$ cat final.pdb   # PDB, C-alpha atoms and all ligand atoms
MODEL        1
ATOM      1  CA  MET A   1      12.781  28.845   3.935
ATOM      2  CA  SER A   2      13.003  25.082   3.484
ATOM      3  CA  ALA A   3      15.396  22.805   1.613
ATOM      4  CA  ILE A   4      13.125  22.193  -1.385
ATOM      5  CA  ASP A   5      10.761  25.160  -1.793
ATOM      6  CA  ASN A   6       9.866  28.625  -0.547
ATOM      7  CA  LEU A   7       7.474  27.412   2.117
ATOM      8  CA  PRO A   8       8.328  27.343   5.834
ATOM      9  CA  PRO A   9      10.038  24.271   7.379
ATOM     10  CA  LEU A  10       7.632  21.590   8.577
ATOM     11  CA  ARG A  11       8.259  22.206  12.290
ATOM     12  CA  GLU A  12       7.077  25.766  11.747
ATOM     13  CA  VAL A  13       4.011  24.601   9.757
ATOM     14  CA  ILE A  14       3.101  22.211  12.579
ATOM     15  CA  ALA A  15       3.522  24.927  15.230
ATOM     16  CA  THR A  16       1.613  27.592  13.237
ATOM     17  CA  HIS A  17      -1.360  25.309  12.567
ATOM     18  CA  GLY A  18      -1.380  23.522  15.948
ATOM     19  CA  LEU A  19      -0.907  20.075  14.406
ATOM     20  CA  SER A  20       0.013  18.127  17.532
ATOM     21  CA  ALA A  21       0.157  14.477  16.445
ATOM     22  CA  ARG A  22      -2.899  12.324  17.183
ATOM     23  CA  LYS A  23      -2.362   8.630  17.766
ATOM     24  CA  SER A  24      -5.937   7.788  16.773
ATOM     25  CA  LEU A  25      -5.160   9.055  13.235
ATOM     26  CA  GLY A  26      -1.826   7.211  13.014
ATOM     27  CA  GLN A  27       0.031  10.513  12.929
ATOM     28  CA  ASN A  28       3.805  10.136  12.781
ATOM     29  CA  PHE A  29       5.027  12.992  10.653
ATOM     30  CA  LEU A  30       8.104  13.186   8.436
ATOM     31  CA  LEU A  31       9.833  16.504   9.061
ATOM     32  CA  ASP A  32      12.895  16.243   6.813
ATOM     33  CA  LEU A  33      12.052  17.574   3.350
ATOM     34  CA  ASN A  34      15.228  16.062   1.886
ATOM     35  CA  LEU A  35      13.884  12.697   3.001
ATOM     36  CA  THR A  36      10.385  13.298   1.614
ATOM     37  CA  ALA A  37      11.931  14.346  -1.726
ATOM     38  CA  LYS A  38      13.983  11.126  -1.664
ATOM     39  CA  ILE A  39      10.816   9.069  -1.108
ATOM     40  CA  ALA A  40       9.103  10.985  -3.933
ATOM     41  CA  ARG A  41      12.000  10.104  -6.271
ATOM     42  CA  GLN A  42      11.400   6.407  -5.556
ATOM     43  CA  ALA A  43       7.959   6.812  -7.103
ATOM     44  CA  GLY A  44       9.588   7.206 -10.534
ATOM     45  CA  ASP A  45       9.248   9.942 -13.136
ATOM     46  CA  LEU A  46       6.350  12.032 -11.877
ATOM     47  CA  SER A  47       6.388  14.736 -14.531
ATOM     48  CA  GLY A  48       3.667  13.244 -16.717
ATOM     49  CA  CYS A  49       1.668  11.714 -13.861
ATOM     50  CA  ASP A  50      -1.122  12.481 -11.467
ATOM     51  CA  VAL A  51      -0.198  11.319  -7.972
ATOM     52  CA  LEU A  52      -2.724  10.174  -5.392
ATOM     53  CA  GLU A  53      -1.481  10.751  -1.847
ATOM     54  CA  ILE A  54      -3.326   9.416   1.189
ATOM     55  CA  GLY A  55      -2.855  11.221   4.500
ATOM     56  CA  PRO A  56      -0.725  14.263   3.574
ATOM     57  CA  GLY A  57      -0.824  15.611   7.154
ATOM     58  CA  PRO A  58       1.263  18.810   7.330
ATOM     59  CA  GLY A  59       2.402  18.212   3.740
ATOM     60  CA  GLY A  60       5.987  16.917   3.911
ATOM     61  CA  LEU A  61       5.642  14.157   1.321
ATOM     62  CA  THR A  62       3.187  16.292  -0.654
ATOM     63  CA  ARG A  63       5.839  18.965  -1.061
ATOM     64  CA  GLY A  64       8.387  16.307  -2.015
ATOM     65  CA  LEU A  65       6.074  15.005  -4.746
ATOM     66  CA  LEU A  66       5.378  18.498  -6.083
ATOM     67  CA  ALA A  67       9.031  19.570  -5.920
ATOM     68  CA  GLU A  68       9.993  16.397  -7.798
ATOM     69  CA  GLY A  69       7.727  17.487 -10.646
ATOM     70  CA  ALA A  70       4.384  15.692 -10.248
ATOM     71  CA  ARG A  71       1.922  16.975 -12.842
ATOM     72  CA  ARG A  72      -0.793  17.046 -10.168
ATOM     73  CA  VAL A  73      -1.197  15.708  -6.647
ATOM     74  CA  LEU A  74      -4.582  14.732  -5.263
ATOM     75  CA  ALA A  75      -4.317  14.388  -1.485
ATOM     76  CA  ILE A  76      -6.989  12.895   0.767
ATOM     77  CA  GLU A  77      -6.717  13.880   4.437
ATOM     78  CA  LYS A  78      -9.093  13.009   7.257
ATOM     79  CA  ASP A  79      -7.820  15.544   9.812
ATOM     80  CA  SER A  80      -9.496  18.915   9.209
ATOM     81  CA  ARG A  81      -6.715  20.678  11.164
ATOM     82  CA  CYS A  82      -4.315  19.950   8.282
ATOM     83  CA  ILE A  83      -6.449  21.553   5.553
ATOM     84  CA  PRO A  84      -5.294  25.202   6.036
ATOM     85  CA  ALA A  85      -1.626  24.098   6.030
ATOM     86  CA  LEU A  86      -2.229  22.164   2.805
ATOM     87  CA  ALA A  87      -3.991  25.178   1.251
ATOM     88  CA  GLU A  88      -0.713  27.082   1.641
ATOM     89  CA  VAL A  89       1.103  24.299  -0.238
ATOM     90  CA  ALA A  90      -1.535  24.402  -3.005
ATOM     91  CA  ALA A  91      -1.084  28.158  -3.362
ATOM     92  CA  ALA A  92       2.717  27.897  -3.526
ATOM     93  CA  TYR A  93       2.586  25.195  -6.213
ATOM     94  CA  ASP A  94       0.307  26.969  -8.719
ATOM     95  CA  GLY A  95      -2.761  24.870  -8.107
ATOM     96  CA  ARG A  96      -1.028  21.546  -8.872
ATOM     97  CA  LEU A  97      -2.282  20.269  -5.498
ATOM     98  CA  GLN A  98      -5.928  19.393  -4.875
ATOM     99  CA  VAL A  99      -6.912  18.405  -1.347
ATOM    100  CA  ILE A 100      -9.999  16.448  -0.388
ATOM    101  CA  GLU A 101     -10.948  16.388   3.272
ATOM    102  CA  GLY A 102     -12.297  12.908   3.982
ATOM    103  CA  ASP A 103     -11.668   9.282   4.807
ATOM    104  CA  ALA A 104      -9.578   7.524   2.154
ATOM    105  CA  LEU A 105     -11.585   4.344   2.751
ATOM    106  CA  GLU A 106     -14.721   6.152   1.616
ATOM    107  CA  VAL A 107     -13.663   8.741  -0.971
ATOM    108  CA  ASN A 108     -13.505   7.630  -4.625
ATOM    109  CA  PRO A 109     -10.537   9.558  -6.029
ATOM    110  CA  LEU A 110     -10.921   8.372  -9.609
ATOM    111  CA  GLU A 111     -13.168  11.158 -10.807
ATOM    112  CA  HIS A 112     -10.431  13.654  -9.901
ATOM    113  CA  LEU A 113      -7.507  11.859 -11.546
ATOM    114  CA  THR A 114      -6.208  11.512 -15.101
ATOM    115  CA  PRO A 115      -3.963   8.554 -16.065
ATOM    116  CA  PRO A 116      -1.158   7.755 -15.761
ATOM    117  CA  ILE A 117      -1.656   7.667 -11.995
ATOM    118  CA  ARG A 118       0.889   6.823  -9.322
ATOM    119  CA  ILE A 119       0.081   6.419  -5.640
ATOM    120  CA  ALA A 120       2.478   7.595  -2.941
ATOM    121  CA  ALA A 121       1.824   7.766   0.783
ATOM    122  CA  ASN A 122       3.179   7.652   4.270
ATOM    123  CA  LEU A 123       0.143   5.638   5.186
ATOM    124  CA  PRO A 124      -1.764   5.889   8.417
ATOM    125  CA  TYR A 125      -0.960   2.487   9.917
ATOM    126  CA  ASN A 126      -4.551   1.825  10.859
ATOM    127  CA  VAL A 127      -5.783   1.872   7.233
ATOM    128  CA  GLY A 128      -2.604   1.075   5.271
ATOM    129  CA  THR A 129      -3.043  -2.666   4.812
ATOM    130  CA  GLU A 130      -6.700  -2.363   3.917
ATOM    131  CA  LEU A 131      -5.968   0.225   1.222
ATOM    132  CA  LEU A 132      -3.127  -1.874  -0.183
ATOM    133  CA  VAL A 133      -5.339  -4.955  -0.436
ATOM    134  CA  ARG A 134      -8.062  -2.923  -2.172
ATOM    135  CA  TRP A 135      -5.566  -1.541  -4.694
ATOM    136  CA  LEU A 136      -4.253  -5.062  -5.386
ATOM    137  CA  THR A 137      -7.540  -6.919  -5.705
ATOM    138  CA  PRO A 138      -9.825  -5.191  -8.221
ATOM    139  CA  GLN A 139     -11.615  -7.753 -10.374
ATOM    140  CA  GLU A 140     -10.092  -6.281 -13.563
ATOM    141  CA  TRP A 141      -6.372  -5.811 -14.266
ATOM    142  CA  PRO A 142      -4.403  -3.599 -14.999
ATOM    143  CA  PRO A 143      -5.621  -1.289 -12.215
ATOM    144  CA  PHE A 144      -6.052   2.492 -12.314
ATOM    145  CA  TRP A 145      -2.519   2.991 -10.911
ATOM    146  CA  THR A 146       0.866   2.230 -12.448
ATOM    147  CA  SER A 147       2.886   2.217  -9.210
ATOM    148  CA  LEU A 148       2.502   2.376  -5.430
ATOM    149  CA  THR A 149       5.216   3.899  -3.237
ATOM    150  CA  LEU A 150       4.114   3.312   0.320
ATOM    151  CA  MET A 151       5.519   3.614   3.814
ATOM    152  CA  PHE A 152       4.683   0.738   6.162
ATOM    153  CA  GLN A 153       5.871  -0.616   9.451
ATOM    154  CA  LYS A 154       8.967  -2.613   8.515
ATOM    155  CA  GLU A 155       7.331  -5.869   9.512
ATOM    156  CA  VAL A 156       4.422  -5.219   7.110
ATOM    157  CA  ALA A 157       6.843  -4.215   4.310
ATOM    158  CA  GLU A 158       8.661  -7.527   4.818
ATOM    159  CA  ARG A 159       5.374  -9.400   4.532
ATOM    160  CA  ILE A 160       4.712  -7.738   1.162
ATOM    161  CA  VAL A 161       8.031  -8.830  -0.381
ATOM    162  CA  ALA A 162       8.353 -12.201   1.428
ATOM    163  CA  ALA A 163       9.302 -15.426  -0.386
ATOM    164  CA  PRO A 164       7.565 -18.807   0.135
ATOM    165  CA  GLY A 165       8.826 -20.745   3.140
ATOM    166  CA  SER A 166       9.710 -17.631   5.120
ATOM    167  CA  LYS A 167       7.952 -16.593   8.305
ATOM    168  CA  ALA A 168       6.669 -13.385   6.708
ATOM    169  CA  TYR A 169       5.147 -15.181   3.673
ATOM    170  CA  GLY A 170       1.373 -14.932   3.600
ATOM    171  CA  ARG A 171      -1.655 -13.219   2.112
ATOM    172  CA  LEU A 172       0.069  -9.876   1.491
ATOM    173  CA  ALA A 173       3.010 -11.479  -0.346
ATOM    174  CA  ILE A 174       0.696 -13.512  -2.564
ATOM    175  CA  LEU A 175      -1.632 -10.642  -3.441
ATOM    176  CA  ALA A 176       1.233  -8.197  -4.054
ATOM    177  CA  GLN A 177       3.493 -10.495  -6.038
ATOM    178  CA  TRP A 178       0.690 -11.977  -8.117
ATOM    179  CA  ARG A 179       0.038  -8.699  -9.909
ATOM    180  CA  ALA A 180       3.020  -6.463  -9.172
ATOM    181  CA  ASP A 181       6.763  -6.290  -8.747
ATOM    182  CA  ALA A 182       7.373  -5.377  -5.111
ATOM    183  CA  ARG A 183      10.594  -4.316  -3.407
ATOM    184  CA  ILE A 184      11.709  -2.449  -0.305
ATOM    185  CA  VAL A 185      13.460   0.742  -1.433
ATOM    186  CA  ILE A 186      14.122   2.682   1.793
ATOM    187  CA  ASN A 187      14.476   1.602   5.430
ATOM    188  CA  LEU A 188      13.786   4.203   8.103
ATOM    189  CA  PRO A 189      14.466   4.187  11.848
ATOM    190  CA  PRO A 190      11.775   5.425  14.283
ATOM    191  CA  GLU A 191      13.674   8.725  14.729
ATOM    192  CA  ALA A 192      12.863   9.744  11.144
ATOM    193  CA  PHE A 193       9.338  10.556  12.393
ATOM    194  CA  SER A 194       7.825  12.942  14.858
ATOM    195  CA  PRO A 195       6.743  11.559  17.209
ATOM    196  CA  PRO A 196       8.870   8.428  16.690
ATOM    197  CA  PRO A 197       6.752   5.254  16.455
ATOM    198  CA  LYS A 198       7.772   2.157  18.443
ATOM    199  CA  VAL A 199       8.972   0.270  15.361
ATOM    200  CA  SER A 200      11.107   0.833  12.255
ATOM    201  CA  SER A 201       9.487   1.614   8.899
ATOM    202  CA  ALA A 202      10.187   0.898   5.258
ATOM    203  CA  VAL A 203       9.064   2.245   1.903
ATOM    204  CA  VAL A 204       7.825  -0.390  -0.539
ATOM    205  CA  HIS A 205       7.636   0.307  -4.257
ATOM    206  CA  LEU A 206       5.210  -1.792  -6.276
ATOM    207  CA  THR A 207       4.902  -1.618 -10.058
ATOM    208  CA  ALA A 208       1.725  -3.003 -11.593
ATOM    209  CA  LEU A 209       2.389  -5.825 -14.063
ATOM    210  CA  PRO A 210       0.544  -5.528 -17.385
ATOM    211  CA  GLU A 211      -1.173  -8.785 -16.469
ATOM    212  CA  PRO A 212      -1.124 -11.078 -13.426
ATOM    213  CA  ARG A 213       1.792 -13.541 -13.276
ATOM    214  CA  TYR A 214      -0.625 -16.508 -13.426
ATOM    215  CA  PRO A 215      -4.308 -16.614 -14.332
ATOM    216  CA  ALA A 216      -6.731 -16.667 -11.387
ATOM    217  CA  ASP A 217      -9.936 -15.013 -10.261
ATOM    218  CA  ALA A 218      -9.063 -12.193  -7.828
ATOM    219  CA  ALA A 219     -11.933 -12.820  -5.411
ATOM    220  CA  THR A 220     -11.294 -16.592  -5.304
ATOM    221  CA  LEU A 221      -7.541 -16.185  -4.795
ATOM    222  CA  SER A 222      -8.176 -13.662  -2.020
ATOM    223  CA  ARG A 223     -10.581 -16.007  -0.276
ATOM    224  CA  VAL A 224      -8.271 -19.015  -0.612
ATOM    225  CA  VAL A 225      -5.137 -17.306   0.734
ATOM    226  CA  ALA A 226      -7.070 -15.630   3.553
ATOM    227  CA  ALA A 227      -8.369 -19.036   4.699
ATOM    228  CA  ALA A 228      -5.027 -20.823   4.149
ATOM    229  CA  PHE A 229      -2.953 -18.324   6.139
ATOM    230  CA  ASN A 230      -5.567 -17.675   8.785
ATOM    231  CA  GLN A 231      -4.634 -21.069  10.177
ATOM    232  CA  ARG A 232      -1.124 -21.278   8.786
ATOM    233  CA  ARG A 233       0.021 -24.101  11.059
ATOM    234  CA  LYS A 234      -2.749 -26.406   9.884
ATOM    235  CA  MET A 235      -2.583 -28.694   6.863
ATOM    236  CA  LEU A 236      -4.356 -27.229   3.856
ATOM    237  CA  ARG A 237      -6.999 -29.942   3.803
ATOM    238  CA  ALA A 238      -8.091 -28.647   7.224
ATOM    239  CA  SER A 239      -7.574 -24.892   6.833
ATOM    240  CA  LEU A 240      -9.392 -24.842   3.459
ATOM    241  CA  LYS A 241     -12.259 -27.149   4.470
ATOM    242  CA  GLY A 242     -14.745 -24.293   4.347
ATOM    243  CA  VAL A 243     -13.602 -23.080   0.907
ATOM    244  CA  ALA A 244     -14.702 -26.106  -1.154
ATOM    245  CA  ALA A 245     -16.527 -29.305  -0.207
ATOM    246  CA  ASP A 246     -14.107 -31.484  -2.235
ATOM    247  CA  ILE A 247     -10.983 -29.589  -1.173
ATOM    248  CA  GLU A 248      -8.674 -32.639  -1.136
ATOM    249  CA  ASP A 249      -9.481 -33.361  -4.812
ATOM    250  CA  ARG A 250      -9.035 -29.692  -5.713
ATOM    251  CA  LEU A 251      -5.661 -29.564  -3.985
ATOM    252  CA  LEU A 252      -4.462 -32.702  -5.768
ATOM    253  CA  ALA A 253      -5.724 -31.375  -9.119
ATOM    254  CA  ALA A 254      -3.656 -28.242  -8.522
ATOM    255  CA  GLY A 255      -0.562 -30.342  -7.770
ATOM    256  CA  ILE A 256      -0.595 -29.642  -4.016
ATOM    257  CA  GLN A 257      -0.455 -32.315  -1.323
ATOM    258  CA  PRO A 258      -3.440 -31.899   1.052
ATOM    259  CA  THR A 259      -1.022 -32.365   3.963
ATOM    260  CA  GLU A 260       1.069 -29.329   3.017
ATOM    261  CA  ARG A 261       0.892 -26.082   4.975
ATOM    262  CA  ALA A 262       0.173 -22.694   3.414
ATOM    263  CA  GLU A 263       3.698 -21.327   3.760
ATOM    264  CA  GLN A 264       5.111 -24.143   1.597
ATOM    265  CA  VAL A 265       2.804 -23.343  -1.335
ATOM    266  CA  SER A 266       4.048 -21.094  -4.135
ATOM    267  CA  LEU A 267       2.151 -18.261  -5.751
ATOM    268  CA  GLU A 268       1.817 -20.328  -8.928
ATOM    269  CA  GLN A 269       0.284 -23.219  -6.941
ATOM    270  CA  PHE A 270      -2.166 -20.911  -5.134
ATOM    271  CA  CYS A 271      -3.281 -19.568  -8.525
ATOM    272  CA  ALA A 272      -3.716 -23.132  -9.855
ATOM    273  CA  LEU A 273      -5.738 -24.024  -6.753
ATOM    274  CA  SER A 274      -7.942 -20.953  -7.201
ATOM    275  CA  ARG A 275      -8.664 -21.987 -10.788
ATOM    276  CA  GLU A 276      -9.583 -25.501  -9.657
ATOM    277  CA  ILE A 277     -11.887 -24.136  -6.955
ATOM    278  CA  LYS A 278     -13.527 -21.671  -9.321
ATOM    279  CA  LYS A 279     -14.106 -24.507 -11.836
ATOM    280  CA  SER A 280     -15.989 -26.564  -9.280
TER     281      SER A 280
HETATM  282  N1  LIG B 301       2.119  12.276   5.001
HETATM  283  C1  LIG B 301       2.429  12.896   6.265
HETATM  284  C2  LIG B 301       3.896  12.739   6.558
HETATM  285  O1  LIG B 301       4.533  11.916   5.873
HETATM  286  O2  LIG B 301       4.394  13.396   7.461
HETATM  287  C3  LIG B 301       1.583  12.309   7.385
HETATM  288  C4  LIG B 301       1.703  10.818   7.591
HETATM  289  S1  LIG B 301       0.849  10.204   9.014
HETATM  290  C5  LIG B 301       1.683   8.650   9.217
HETATM  291  C6  LIG B 301      -0.717   9.637   8.402
HETATM  292  C7  LIG B 301      -1.696  10.709   7.916
HETATM  293  O3  LIG B 301      -2.895  10.087   7.450
HETATM  294  C8  LIG B 301      -2.144  11.692   8.979
HETATM  295  O4  LIG B 301      -2.084  12.991   8.468
HETATM  296  C9  LIG B 301      -3.597  11.302   9.280
HETATM  297  O5  LIG B 301      -4.392  12.390   9.720
HETATM  298  C10 LIG B 301      -4.040  10.776   7.958
HETATM  299  N2  LIG B 301      -5.159   9.803   8.032
HETATM  300  C11 LIG B 301      -5.414   8.885   8.993
HETATM  301  N3  LIG B 301      -6.469   8.119   8.674
HETATM  302  C12 LIG B 301      -6.884   8.549   7.450
HETATM  303  C13 LIG B 301      -7.923   8.153   6.576
HETATM  304  N4  LIG B 301      -8.753   7.143   6.887
HETATM  305  N5  LIG B 301      -8.083   8.816   5.411
HETATM  306  C14 LIG B 301      -7.242   9.837   5.081
HETATM  307  N6  LIG B 301      -6.240  10.247   5.870
HETATM  308  C15 LIG B 301      -6.047   9.619   7.036
ENDMDL
END
$ encode --input "final.pdb" --output "structure tokens" --more "lines below"
Ligand code: SAM
Amino acid sequence: MSAIDNLPPLREVIATHGLSARKSLGQNFLLDLNLTAKIARQAGDLSGCDVLEIGPGPGGLTRGLLAEGARRVLAIEKDSRCIPALAEVAAAYDGRLQVIEGDALEVNPLEHLTPPIRIAANLPYNVGTELLVRWLTPQEWPPFWTSLTLMFQKEVAERIVAAPGSKAYGRLAILAQWRADARIVINLPPEAFSPPPKVSSAVVHLTALPEPRYPADAATLSRVVAAAFNQRRKMLRASLKGVAADIEDRLLAAGIQPTERAEQVSLEQFCALSREIKKS
């Protein structure tokens, strides 16, 4: 029996179902159920919430979320080998777990979820950033989720919470901090996973703000910061040349010197610039 429920320990689940980790699917499993319950607690009060989990694998975090009281968990898993193991979790938790076999980049989970919705995941590294950017950049705000509790490589987590002027400051910081409060809540060494990845990891908790910190059009802001940080060493008048024909005027109208570099520009200034560009 395990630490948090009546199901077998994760090592046994992995052995029984032949879930040898596949690198191509970003599989680094969490085996300590005390740790997965701790991560689940960082997601907030789950009792009245549906939780969307991406990449449940053998079900460690899934069990943490269910044991911590999630109303329902909808889990999307690409690896068909994991589905029988997850069916055992669903049976043990009275049908509070629904599993969809598929690619999280293609499945629309919304038809299966009832608000309020939280998202929690030990994300496959190969799709993690793309999913985060999608969740942060819908045209309308607030989004379908109230919070995101996500495991990333530590370096990516630091980019999400980075302040202007720092080396890690860039597109992820701007998009995350524009519409959410973001903080690192747990740091994890490689040995917390099986197999251990090469780098350390961290869990980031993001809470959706009721409205963005500053007005801006999501698509324009995305385009502007992507271009600005794509060539972060260049002056903005050069890196943003392709974004607007009269970019120097737009920068000045937004209160930014055309000779500045992207990492010196605050979130508020990027939003002002996006408004100026959208106007033109
Ligand atoms: N949640 C488990 C845990 O914490 O031990 C597994 C985490 S492992 C880092 C990532 C999981 O995401 C794997 O189970 C992998 O098969 C799954 N996965 C990879 N790409 C996926 C995708 N595009 N859509 C859904 N699941 C995916």
$ residues_around --input "final.pdb" --residues "Gln98 in chain A" --least-positions-apart "5" --cutoff "10 Å" --atoms "only C-alpha atoms" --output "ChimeraX atom specification"
/A:52,72-76,86-87,89-90,112
$ resolve_selection --input "final.pdb" --expression "the PyMOL selection byres (((not hetatm)) within 8 of (chain B and resi 301))" --output "compact mmCIF listing (two decimals) with C-alpha atoms, in the frame of the given file"
# COMPACT_ATOMS: atom_id res chain seq x y z
CA ARG A 22 -2.90 12.32 17.18
CA SER A 24 -5.94 7.79 16.77
CA LEU A 25 -5.16 9.06 13.24
CA GLY A 26 -1.83 7.21 13.01
CA GLN A 27 0.03 10.51 12.93
CA ASN A 28 3.80 10.14 12.78
CA PHE A 29 5.03 12.99 10.65
CA LEU A 30 8.10 13.19 8.44
CA LEU A 31 9.83 16.50 9.06
CA THR A 36 10.38 13.30 1.61
CA GLU A 53 -1.48 10.75 -1.85
CA ILE A 54 -3.33 9.42 1.19
CA GLY A 55 -2.86 11.22 4.50
CA PRO A 56 -0.72 14.26 3.57
CA GLY A 57 -0.82 15.61 7.15
CA PRO A 58 1.26 18.81 7.33
CA GLY A 59 2.40 18.21 3.74
CA GLY A 60 5.99 16.92 3.91
CA LEU A 61 5.64 14.16 1.32
CA THR A 62 3.19 16.29 -0.65
CA ILE A 76 -6.99 12.90 0.77
CA GLU A 77 -6.72 13.88 4.44
CA LYS A 78 -9.09 13.01 7.26
CA ASP A 79 -7.82 15.54 9.81
CA CYS A 82 -4.32 19.95 8.28
CA GLU A 101 -10.95 16.39 3.27
CA GLY A 102 -12.30 12.91 3.98
CA ASP A 103 -11.67 9.28 4.81
CA ALA A 104 -9.58 7.52 2.15
CA LEU A 105 -11.58 4.34 2.75
CA ALA A 121 1.82 7.77 0.78
CA ASN A 122 3.18 7.65 4.27
CA LEU A 123 0.14 5.64 5.19
CA PRO A 124 -1.76 5.89 8.42
CA TYR A 125 -0.96 2.49 9.92
CA ASN A 126 -4.55 1.82 10.86
CA VAL A 127 -5.78 1.87 7.23
CA PHE A 193 9.34 10.56 12.39
$ residues_near_point --input "final.pdb" --point "(13.3, 23.3, -2.1)" --cutoff "10 Å" --atoms "only C-alpha atoms" --output "list in words"
Met1, Ser2, Ala3, Ile4, Asp5, Asn6, Leu7, Leu33, Asn34, Ala37, Arg63, Gly64, Ala67 and Glu68 of chain A
$ axis_aligned_box --input "final.pdb" --around "range 25-43 of chain A" --padding-each-side "5 Å" --output "AutoDock Vina command-line options"
--center_x 5.0 --center_y 12.0 --center_z 3.1 --size_x 30.4 --size_y 21.2 --size_z 30.3
$ closest_residue --input "final.pdb" --among "A:Ser222, A:Gln42, A:Thr16, A:Ser47" --to "Ala70 in chain A" --atoms "only C-alpha atoms"
A:Ser47
$ atom_distance --input "final.pdb" --atom1 "CA of Val224 in chain A" --atom2 "CA of Arg250 in chain A"
11.9 Å
$ residues_near_point --input "final.pdb" --point "(12.7, 8.0, 12.6)" --cutoff "10 Å" --atoms "all atoms listed in the file" --output "short mmCIF file (atom, residue, chain, number, x, y, z; two decimals) with C-alpha atoms, in the frame of the given file"
data_model
loop_
_atom_site.label_atom_id
_atom_site.label_comp_id
_atom_site.auth_asym_id
_atom_site.auth_seq_id
_atom_site.Cartn_x
_atom_site.Cartn_y
_atom_site.Cartn_z
CA ASN A 28 3.80 10.14 12.78
CA PHE A 29 5.03 12.99 10.65
CA LEU A 30 8.10 13.19 8.44
CA LEU A 31 9.83 16.50 9.06
CA ASN A 187 14.48 1.60 5.43
CA LEU A 188 13.79 4.20 8.10
CA PRO A 189 14.47 4.19 11.85
CA PRO A 190 11.78 5.42 14.28
CA GLU A 191 13.67 8.72 14.73
CA ALA A 192 12.86 9.74 11.14
CA PHE A 193 9.34 10.56 12.39
CA SER A 194 7.82 12.94 14.86
CA PRO A 195 6.74 11.56 17.21
CA PRO A 196 8.87 8.43 16.69
CA PRO A 197 6.75 5.25 16.45
CA LYS A 198 7.77 2.16 18.44
CA VAL A 199 8.97 0.27 15.36
CA SER A 200 11.11 0.83 12.26
CA SER A 201 9.49 1.61 8.90
#
